[in-house]
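Below: the structure, in structure tokens.
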Amino acid sequence: MATRAKPRRRNVKHKVMKGDRVRVIRGNFRDMEGTVLRVLKDEDRVVIEGVNMRKRHTRPSQANPEGGIITFEAPIHISNVMLMDAAAGEASRVRMRIEEDGTKERIAVKGGNPIPRPQ
């Protein structure tokens, strides 16, 4: 059996973090909003709460004695989501601004409002 080659990792910085509010802009889940649960950096994917729900049938095990159908969120590509600007209430591209003291701040392109880091 042939193994798949590991994809080359390009030096990409993602502006989406765990806890951010995002809107899906492409695909079957377009216009859905949710909170980012996980960011999979190596795969360029994010898991969003309530988006891309999948079902898996599991047989009984020690961890799950009943087995049954488990519903979970599957990851989607990070290019298909856009950060929400809380002040404007709409999705926006994001730009980085570096302050004089060296700290970085995310700025919404549409409104120019800073996007705070999630807690």
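Order determines the names: the first chain of the structure tokens is A, the second B, and so forth; residues in each chain are numbered 1 upward, and ligands are numbered 1 upward as they are shown.
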
Would you mind listing what lies within 9 Å of Ala86 of chain A as a VMD selection string, with only C-alpha atoms counted and same-chain residues fewer than 2 positions away left out?
-> chain A and resid 21 84 88 to 91 113 115

How would you write, as a PyMOL selection string, the set of residues in chain A that DSSP gives as strand (DSSP E)?
-> chain A and resi 21-24+33-40+45-48+53-58+68-73+76-77+81-85+90-91+94-98+104-108+114-115

Expected file: the selected residues, N, CA and C atoms, as a CSV table (one decimal), in the first residue's frame:
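And here is the file that came out, part-v4.csv:
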chain,number,residue,atom,x,y,z
A,21,ARG,N,-15.1,34.6,17.0
A,21,ARG,CA,-16.4,34.4,16.3
A,21,ARG,C,-16.2,34.6,14.9
A,22,VAL,N,-16.6,33.6,14.0
A,22,VAL,CA,-16.4,33.6,12.6
A,22,VAL,C,-17.6,33.3,11.8
A,23,ARG,N,-17.6,33.7,10.6
A,23,ARG,CA,-18.7,33.4,9.6
A,23,ARG,C,-18.2,32.6,8.5
A,24,VAL,N,-18.9,31.5,8.1
A,24,VAL,CA,-18.5,30.7,7.0
A,24,VAL,C,-18.9,31.4,5.7
A,33,GLU,N,-22.7,31.1,11.5
A,33,GLU,CA,-21.7,31.7,12.4
A,33,GLU,C,-21.5,30.8,13.6
A,34,GLY,N,-20.3,30.9,14.1
A,34,GLY,CA,-20.0,30.1,15.3
A,34,GLY,C,-18.7,30.5,15.9
A,35,THR,N,-18.4,29.8,17.0
A,35,THR,CA,-17.1,30.1,17.7
A,35,THR,C,-16.1,29.0,17.4
A,36,VAL,N,-14.9,29.4,17.2
A,36,VAL,CA,-13.8,28.5,16.8
A,36,VAL,C,-13.5,27.6,18.0
A,37,LEU,N,-13.6,26.3,17.9
A,37,LEU,CA,-13.2,25.4,19.0
A,37,LEU,C,-11.8,25.0,18.9
A,38,ARG,N,-11.2,24.7,17.7
A,38,ARG,CA,-9.9,24.3,17.6
A,38,ARG,C,-9.3,24.9,16.3
A,39,VAL,N,-8.0,25.1,16.2
A,39,VAL,CA,-7.3,25.5,15.0
A,39,VAL,C,-6.3,24.4,14.7
A,40,LEU,N,-6.4,23.8,13.6
A,40,LEU,CA,-5.4,22.8,13.2
A,40,LEU,C,-4.5,23.4,12.2
A,45,ARG,N,-6.9,24.1,8.9
A,45,ARG,CA,-8.3,23.9,9.1
A,45,ARG,C,-8.8,24.4,10.5
A,46,VAL,N,-10.1,24.6,10.6
A,46,VAL,CA,-10.6,25.1,11.9
A,46,VAL,C,-11.9,24.2,12.2
A,47,VAL,N,-12.2,24.0,13.5
A,47,VAL,CA,-13.4,23.4,13.9
A,47,VAL,C,-14.3,24.4,14.5
A,48,ILE,N,-15.5,24.6,14.0
A,48,ILE,CA,-16.4,25.7,14.4
A,48,ILE,C,-17.6,25.0,15.1
A,53,MET,N,-21.5,19.5,10.9
A,53,MET,CA,-21.8,18.4,11.9
A,53,MET,C,-21.8,17.1,11.1
A,54,ARG,N,-21.2,16.1,11.7
A,54,ARG,CA,-21.1,14.7,11.1
A,54,ARG,C,-21.5,13.7,12.1
A,55,LYS,N,-21.9,12.5,11.6
A,55,LYS,CA,-22.3,11.4,12.5
A,55,LYS,C,-21.4,10.2,12.3
A,56,ARG,N,-21.1,9.6,13.4
A,56,ARG,CA,-20.2,8.4,13.3
A,56,ARG,C,-20.9,7.3,14.1
A,57,HIS,N,-21.0,6.1,13.6
A,57,HIS,CA,-21.6,5.0,14.2
A,57,HIS,C,-20.5,4.3,15.0
A,58,THR,N,-20.6,4.1,16.3
A,58,THR,CA,-19.6,3.4,17.0
A,58,THR,C,-20.1,2.2,17.7
A,68,GLY,N,-23.5,3.4,19.7
A,68,GLY,CA,-24.5,4.2,19.1
A,68,GLY,C,-23.9,5.3,18.1
A,69,ILE,N,-24.7,6.3,17.9
A,69,ILE,CA,-24.4,7.3,16.9
A,69,ILE,C,-23.8,8.6,17.7
A,70,ILE,N,-22.6,9.0,17.3
A,70,ILE,CA,-22.0,10.2,17.9
A,70,ILE,C,-22.0,11.3,16.9
A,71,THR,N,-22.5,12.5,17.3
A,71,THR,CA,-22.5,13.6,16.4
A,71,THR,C,-21.3,14.5,16.8
A,72,PHE,N,-20.5,15.0,15.9
A,72,PHE,CA,-19.4,15.9,16.2
A,72,PHE,C,-19.2,16.9,15.1
A,73,GLU,N,-18.4,17.9,15.3
A,73,GLU,CA,-18.1,18.9,14.4
A,73,GLU,C,-16.8,18.5,13.6
A,76,ILE,N,-13.2,22.4,8.8
A,76,ILE,CA,-13.4,23.0,7.5
A,76,ILE,C,-12.1,23.8,7.2
A,77,HIS,N,-11.9,24.1,5.9
A,77,HIS,CA,-10.7,24.8,5.6
A,77,HIS,C,-10.7,26.3,6.1
A,81,VAL,N,-13.6,30.7,6.1
A,81,VAL,CA,-14.1,31.4,7.2
A,81,VAL,C,-13.6,32.8,7.2
A,82,MET,N,-14.4,33.8,7.8
A,82,MET,CA,-14.0,35.2,7.9
A,82,MET,C,-14.3,35.6,9.3
A,83,LEU,N,-13.4,36.4,9.9
A,83,LEU,CA,-13.6,36.9,11.3
A,83,LEU,C,-14.7,37.8,11.4
A,84,MET,N,-15.5,37.8,12.5
A,84,MET,CA,-16.6,38.7,12.7
A,84,MET,C,-16.1,40.0,13.4
A,85,ASP,N,-16.4,41.1,13.0
A,85,ASP,CA,-16.2,42.4,13.7
A,85,ASP,C,-17.3,42.6,14.6
A,90,GLU,N,-20.5,42.5,11.4
A,90,GLU,CA,-20.4,41.8,10.1
A,90,GLU,C,-19.0,41.2,9.9
A,91,ALA,N,-18.9,40.3,8.9
A,91,ALA,CA,-17.6,39.7,8.7
A,91,ALA,C,-16.7,40.6,7.9
A,94,VAL,N,-9.0,40.9,7.9
A,94,VAL,CA,-8.3,41.3,9.0
A,94,VAL,C,-6.9,41.7,8.6
A,95,ARG,N,-6.4,42.8,9.2
A,95,ARG,CA,-5.0,43.3,9.0
A,95,ARG,C,-4.4,43.4,10.3
A,96,MET,N,-3.1,43.3,10.4
A,96,MET,CA,-2.3,43.4,11.6
A,96,MET,C,-1.7,44.7,11.7
A,97,ARG,N,-1.8,45.3,13.0
A,97,ARG,CA,-1.1,46.6,13.2
A,97,ARG,C,-0.1,46.4,14.4
A,98,ILE,N,1.1,46.8,14.2
A,98,ILE,CA,2.1,46.7,15.2
A,98,ILE,C,2.2,48.0,15.9
A,104,LYS,N,1.1,43.3,18.8
A,104,LYS,CA,0.3,43.2,17.6
A,104,LYS,C,-1.2,43.3,17.9
A,105,GLU,N,-1.9,43.9,17.0
A,105,GLU,CA,-3.3,44.1,17.2
A,105,GLU,C,-4.0,43.7,15.9
A,106,ARG,N,-5.1,43.0,15.9
A,106,ARG,CA,-5.8,42.7,14.7
A,106,ARG,C,-6.9,43.8,14.5
A,107,ILE,N,-6.9,44.2,13.2
A,107,ILE,CA,-7.8,45.3,12.8
A,107,ILE,C,-8.7,44.8,11.7
A,108,ALA,N,-10.1,45.1,11.9
A,108,ALA,CA,-11.0,44.8,10.8
A,108,ALA,C,-10.9,45.8,9.7
A,114,PRO,N,-10.6,47.5,16.2
A,114,PRO,CA,-9.7,46.4,16.7
A,114,PRO,C,-10.5,45.2,17.1
A,115,ILE,N,-10.0,44.0,16.8
A,115,ILE,CA,-10.6,42.8,17.2
A,115,ILE,C,-9.9,42.2,18.4

Using only C-alpha atoms, pick whichever of A:Arg4, A:Met32, A:Asp44, A:Gly112 has the shortest atom-to-atom distance to Ser79 of chain A.
-> A:Asp44

Between atom CA of Thr3 of chain A and atom CA of Asp42 of chain A - distance in Å to one decimal =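 Taking atom CA of Asp42 of chain A and atom CA of Thr3 of chain A, their separation equals 18.2 Å.
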
Can you list, as a PDB file with N, CA, C and O atoms, in the first residue's frame, every protein, DNA or RNA residue that comes within 8 Å of Pro118 of chain A when you count only C-alpha atoms, leaving out same-chain residues fewer than 4 positions away?
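Written out: around_6.pdb:
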ATOM      1  N   MET A  17      -8.075  32.546  15.760  1.00  0.00           N
ATOM      2  CA  MET A  17      -7.638  31.893  16.990  1.00  0.00           C
ATOM      3  C   MET A  17      -8.808  31.176  17.641  1.00  0.00           C
ATOM      4  O   MET A  17      -9.966  31.461  17.343  1.00  0.00           O
ATOM      5  N   LYS A  18      -8.482  30.276  18.549  1.00  0.00           N
ATOM      6  CA  LYS A  18      -9.499  29.571  19.310  1.00  0.00           C
ATOM      7  C   LYS A  18     -10.310  30.590  20.115  1.00  0.00           C
ATOM      8  O   LYS A  18      -9.744  31.479  20.755  1.00  0.00           O
ATOM      9  N   GLY A  19     -11.628  30.480  20.044  1.00  0.00           N
ATOM     10  CA  GLY A  19     -12.507  31.401  20.766  1.00  0.00           C
ATOM     11  C   GLY A  19     -13.021  32.554  19.927  1.00  0.00           C
ATOM     12  O   GLY A  19     -13.900  33.296  20.362  1.00  0.00           O
ATOM     13  N   ASP A  20     -12.494  32.734  18.711  1.00  0.00           N
ATOM     14  CA  ASP A  20     -12.957  33.808  17.826  1.00  0.00           C
ATOM     15  C   ASP A  20     -14.350  33.503  17.288  1.00  0.00           C
ATOM     16  O   ASP A  20     -14.726  32.356  17.110  1.00  0.00           O
TER      17      ASP A  20
END

Length of the atom CA of Phe29 of chain A to atom CA of Arg93 of chain A vector [Å] | 18.8 Å

Interatomic distance between atom CA of Ser92 of chain A and atom CA of Gly111 of chain A?
->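 About the pair atom CA of Ser92 of chain A and atom CA of Gly111 of chain A: they are 8.1 Å apart.
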
Nearby residues (only C-alpha atoms) at most 6 Å from Ile25 of chain A, same-chain spacing under 3 positions excluded, as a ChimeraX atom specification | /A:30-31,80-81
